[in-house]
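Chemist: The structure's right below; bear with me while I get my questions together.
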Amino acid sequence: MTPDALSSAHQSRGVRVEAPEKHASGTRPRLQGAMPVNRRQSLGQKDLDFPPIPNGVDYLLSVVDHLDEATGVEPRDIKYAVLHLQAAAEVLLKARLFREHWSLVFKDPGKATTKTLADHSFESCTTAAAVERLRNIARISVSDQDAKALKALADDRNALQHFGLTHNARAVEARAAVVLDFLVRFLDEELLPRLADEEVREITQDMDRTRRGLTTIQSFVTKRMNRLRSNALKGQEGSTTSCPSCGQLALILATGGGRCHFCGTAWTSGALAEHFQSDCGTEQCECPACGAWTLADLVDFVSPEIAELHYCLECAARFPAGTLGTCNGCGVPWPYPEREAAQLLCDHCQRDIRAQEPQ
């Protein structure tokens, strides 16, 4: 969080909404008139912290406005949806950290001082660090799925800011819906209950609009997935898994990779290996069938009839649970022989042993 953002964090009470002002991201209400803050009191009294909740809610409202399918979602809308959703995530997560203890918003809490907090001359923690501290210190439950979505959002924002974002718009929109849903729940469970009634009334209208917008976005995702299940995905449950790009169960795997029918992203076997291998880069990734280093152990197919298995992302070979052991010679995964053997050896190791035997 930048010093300006943290300055906003200490000015969320006494904010009034004035006439809308047109700027690069569209027409949004302009927040002004923040009351001055006695920082000495805010640090010393528990009921005088100033979390930037109205600012975070305003960011969320901007997100649902930009992702409104009824008015059309253009690349520019996706751009500002990503920027504002990431801003909302940083502001709201750190607002809860600040309430736990003000030093937790520092990148290094051990070097936190009231002076640097007061003049905003410090570097704040990353979104990933905020999630970790919320889990481990504030004991707030953040699911792995939500944490993963928050990380993907932060990556998108960084790519957009520094390199230009080239992701598929549908993928970004679907991922944004996951983060938006999490942040609305986070507000309802962790932030709004601790606000004074007057503060809640100030943002009630914006929260209602945000919830309606979230429902609309989720409805779009649901309707699109229902159409796909009736068409492109029908009968493909045994080859369909979750797309790393959009998170939807719409990626159909085939020889050489796969394609997501929700966001349209085409994947090579090598690119998919980064997402579906728990031991990528080790000998444990070599496929016994084709020899490619694309054997994955994290693929979960839609079909409930398919149990845990190893799946080769290159040749599409499947190895059900319990059918692969580890070669005693080199450690690669290898099918158990039909006949019980003293040692499990892959073909490579067997050939090496025979070559060393006296003729």
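Chains: A, B, ... in order of the structure tokens. Residues: from 1 per chain. Ligands: from 1, in order shown.
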Write out as a PyMOL selection string which residues come within 10 Å of stretch 265-274 of chain A when counting only C-alpha atoms, dropping same-chain ones fewer than 4 positions away.
Modeler: chain A and resi 167-168+170-171+243-246+251-261+278-281+285+292-299+312-316
Chemist: Go through A:Gln218, A:Asn328, A:Thr116, A:Asn158 and flag the residue nearest A:Ala176, using only C-alpha atoms for the distances.
Modeler: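 Residue with the minimum atom-to-atom distance to A:Ala176: A:Gln218.
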Chemist: Which value, in Å to one decimal, gives the distance between atom CA of A:Pro193 and atom CA of A:Val82?
Modeler: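 That distance, rounded to one decimal, is 27.1 Å.
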Chemist: Hey, what's within 6 Å of A:Leu83 if we count only C-alpha atoms and toss same-chain stuff fewer than 3 positions away? As number ranges by chain, please?
Modeler: A: 80, 86, 157
Chemist: Kindly give the distance, in Å, that separates atom CA of A:Val63 and atom CA of A:Arg209, rounded to a single decimal.
Modeler: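 It comes out at 11.0 Å.
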Chemist: Name all residues at most 8 Å from A:Asp206 (count only C-alpha atoms; drop same-chain ones fewer than 6 positions away) and give them as a ChimeraX atom specification.
Modeler: /A:57-58,61
Chemist: Okay, now the selection with N, CA and C atoms, as an mmCIF file, in the first residue's frame?
Modeler:
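So again-v8.cif came out as:
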```
data_model
loop_
_atom_site.group_PDB
_atom_site.id
_atom_site.type_symbol
_atom_site.label_atom_id
_atom_site.label_comp_id
_atom_site.auth_asym_id
_atom_site.auth_seq_id
_atom_site.Cartn_x
_atom_site.Cartn_y
_atom_site.Cartn_z
ATOM 1 N N VAL A 57 -14.952 -0.009 -0.377
ATOM 2 C CA VAL A 57 -16.280 -0.272 -0.950
ATOM 3 C C VAL A 57 -16.458 0.507 -2.246
ATOM 4 N N ASP A 58 -15.956 1.728 -2.291
ATOM 5 C CA ASP A 58 -16.051 2.531 -3.513
ATOM 6 C C ASP A 58 -15.286 1.871 -4.658
ATOM 7 N N LEU A 61 -17.424 -0.968 -5.911
ATOM 8 C CA LEU A 61 -18.536 -0.468 -6.722
ATOM 9 C C LEU A 61 -18.056 -0.153 -8.133
#
```
Chemist: So that I can see what lies close to A:Leu150, please list as a PyMOL selection string the residues with an atom at most 8 Å from it, counting only C-alpha atoms and leaving out residues fewer than 3 positions away in the same chain.
Modeler: chain A and resi 89+127-128+146-147+153-154+179
Chemist: As a ChimeraX atom specification, please: every residue in stretch 27-272 of chain A that DSSP puts in strand (DSSP E or B).
Modeler: /A:27-32,106,124,240-241,251-254,257-260,266-268
Chemist: If we count only C-alpha atoms, what is near stretch 347-351 of chain A at a cut-off of 7 Å, once residues fewer than 3 positions away on the same chain are taken out, given as a VMD selection string?
Modeler: chain A and resid 329 354 to 355
Chemist: Could you turn the residues from that selection into a file that holds N, CA, C and O atoms, as a compact mmCIF listing (two decimals), in the first residue's frame?
Modeler:
```txt
# COMPACT_ATOMS: atom_id res chain seq x y z
N GLY A 329 16.15 -47.94 -9.07
CA GLY A 329 17.43 -47.54 -9.62
C GLY A 329 17.57 -46.04 -9.78
O GLY A 329 18.55 -45.44 -9.35
N ARG A 354 21.68 -54.95 -17.62
CA ARG A 354 22.04 -56.02 -18.57
C ARG A 354 23.33 -55.67 -19.31
O ARG A 354 24.13 -56.55 -19.61
N ALA A 355 23.52 -54.39 -19.60
CA ALA A 355 24.73 -53.98 -20.32
C ALA A 355 25.99 -54.20 -19.48
O ALA A 355 27.08 -54.40 -20.02
```
Chemist: Calculate how many Å separate atom CA of A:Ile217 from atom CA of A:Ala177, rounding to one decimal.
Modeler: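 It comes out at 6.5 Å.
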Chemist: Tell me, as number ranges by chain, which residues lie within 8 Å of A:Ala87, counting only C-alpha atoms; anything in the same chain fewer than 4 positions away does not count.
Modeler: A: 56, 59, 83, 91
Chemist: Restrict the selected residues to all heavy atoms and save them as a PDB file, in the first residue's frame.
Modeler:
```pdb
ATOM      1  N   GLY A  56     -12.532   1.294   0.224  1.00  0.00           N
ATOM      2  CA  GLY A  56     -12.532  -0.045  -0.351  1.00  0.00           C
ATOM      3  C   GLY A  56     -13.848  -0.385  -1.005  1.00  0.00           C
ATOM      4  O   GLY A  56     -13.888  -0.980  -2.096  1.00  0.00           O
ATOM      5  N   TYR A  59     -14.122   1.290  -4.353  1.00  0.00           N
ATOM      6  CA  TYR A  59     -13.383   0.535  -5.375  1.00  0.00           C
ATOM      7  C   TYR A  59     -14.215  -0.644  -5.882  1.00  0.00           C
ATOM      8  O   TYR A  59     -14.263  -0.918  -7.078  1.00  0.00           O
ATOM      9  CB  TYR A  59     -12.069   0.021  -4.799  1.00  0.00           C
ATOM     10  CG  TYR A  59     -10.932   1.015  -4.801  1.00  0.00           C
ATOM     11  CD1 TYR A  59     -10.199   1.255  -3.634  1.00  0.00           C
ATOM     12  CD2 TYR A  59     -10.564   1.690  -5.955  1.00  0.00           C
ATOM     13  CE1 TYR A  59      -9.135   2.155  -3.627  1.00  0.00           C
ATOM     14  CE2 TYR A  59      -9.511   2.590  -5.958  1.00  0.00           C
ATOM     15  CZ  TYR A  59      -8.793   2.824  -4.794  1.00  0.00           C
ATOM     16  OH  TYR A  59      -7.749   3.710  -4.792  1.00  0.00           O
ATOM     17  N   LEU A  83      -7.417  -3.117 -11.833  1.00  0.00           N
ATOM     18  CA  LEU A  83      -6.730  -2.130 -10.996  1.00  0.00           C
ATOM     19  C   LEU A  83      -7.527  -1.816  -9.735  1.00  0.00           C
ATOM     20  O   LEU A  83      -6.978  -1.769  -8.626  1.00  0.00           O
ATOM     21  CB  LEU A  83      -6.488  -0.844 -11.791  1.00  0.00           C
ATOM     22  CG  LEU A  83      -5.506  -0.932 -12.961  1.00  0.00           C
ATOM     23  CD1 LEU A  83      -5.451   0.400 -13.710  1.00  0.00           C
ATOM     24  CD2 LEU A  83      -4.115  -1.315 -12.479  1.00  0.00           C
ATOM     25  N   VAL A  91      -6.644  -2.475   0.322  1.00  0.00           N
ATOM     26  CA  VAL A  91      -7.209  -1.564   1.320  1.00  0.00           C
ATOM     27  C   VAL A  91      -7.989  -2.325   2.385  1.00  0.00           C
ATOM     28  O   VAL A  91      -7.814  -2.098   3.594  1.00  0.00           O
ATOM     29  CB  VAL A  91      -8.111  -0.522   0.628  1.00  0.00           C
ATOM     30  CG1 VAL A  91      -8.950   0.228   1.650  1.00  0.00           C
ATOM     31  CG2 VAL A  91      -7.262   0.466  -0.170  1.00  0.00           C
TER      32      VAL A  91
END
```
Chemist: Counting only C-alpha atoms, which residue out of A:Leu344, A:Ala307, A:Val73, A:Ala317 sits closest to A:Ala169?
Modeler: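 Selected residue with least distance to A:Ala169: A:Val73.
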Chemist: So which one's closest to A:Lys94, A:Leu309, A:Leu191, A:Ile78, A:Val142? Using only C-alpha atoms, please.
Modeler: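 Ranked by minimum distance to A:Lys94, first place goes to A:Leu191.
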Chemist: If you run DSSP on the backbone here, which positions in stretch 18-256 of chain A get alpha helix (DSSP H)? Please write them as JSON, numbers by chain.
Modeler: {"A": [39, 40, 41, 42, 43, 44, 53, 54, 55, 56, 57, 58, 59, 60, 61, 62, 63, 64, 65, 66, 75, 76, 77, 78, 79, 80, 81, 82, 83, 84, 85, 86, 87, 88, 89, 90, 91, 92, 93, 94, 95, 96, 97, 98, 99, 100, 114, 115, 116, 117, 118, 119, 127, 128, 129, 130, 131, 132, 133, 134, 135, 136, 144, 145, 146, 147, 148, 149, 150, 151, 152, 153, 154, 155, 156, 157, 158, 159, 160, 161, 162, 169, 170, 171, 172, 173, 174, 175, 176, 177, 178, 179, 180, 181, 182, 183, 184, 185, 186, 197, 198, 199, 200, 201, 202, 203, 204, 205, 206, 207, 208, 209, 210, 211, 212, 213, 214, 215, 216, 217, 218, 219, 220, 221, 222, 223, 224, 225, 226, 227, 228, 229, 230]}
Chemist: Of the candidates A:Cys263, A:Glu190, A:Arg96, A:Pro54, which one gets nearest to A:Gln205 if we count only C-alpha atoms?
Modeler: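 The answer is A:Pro54, which sits nearest to A:Gln205.
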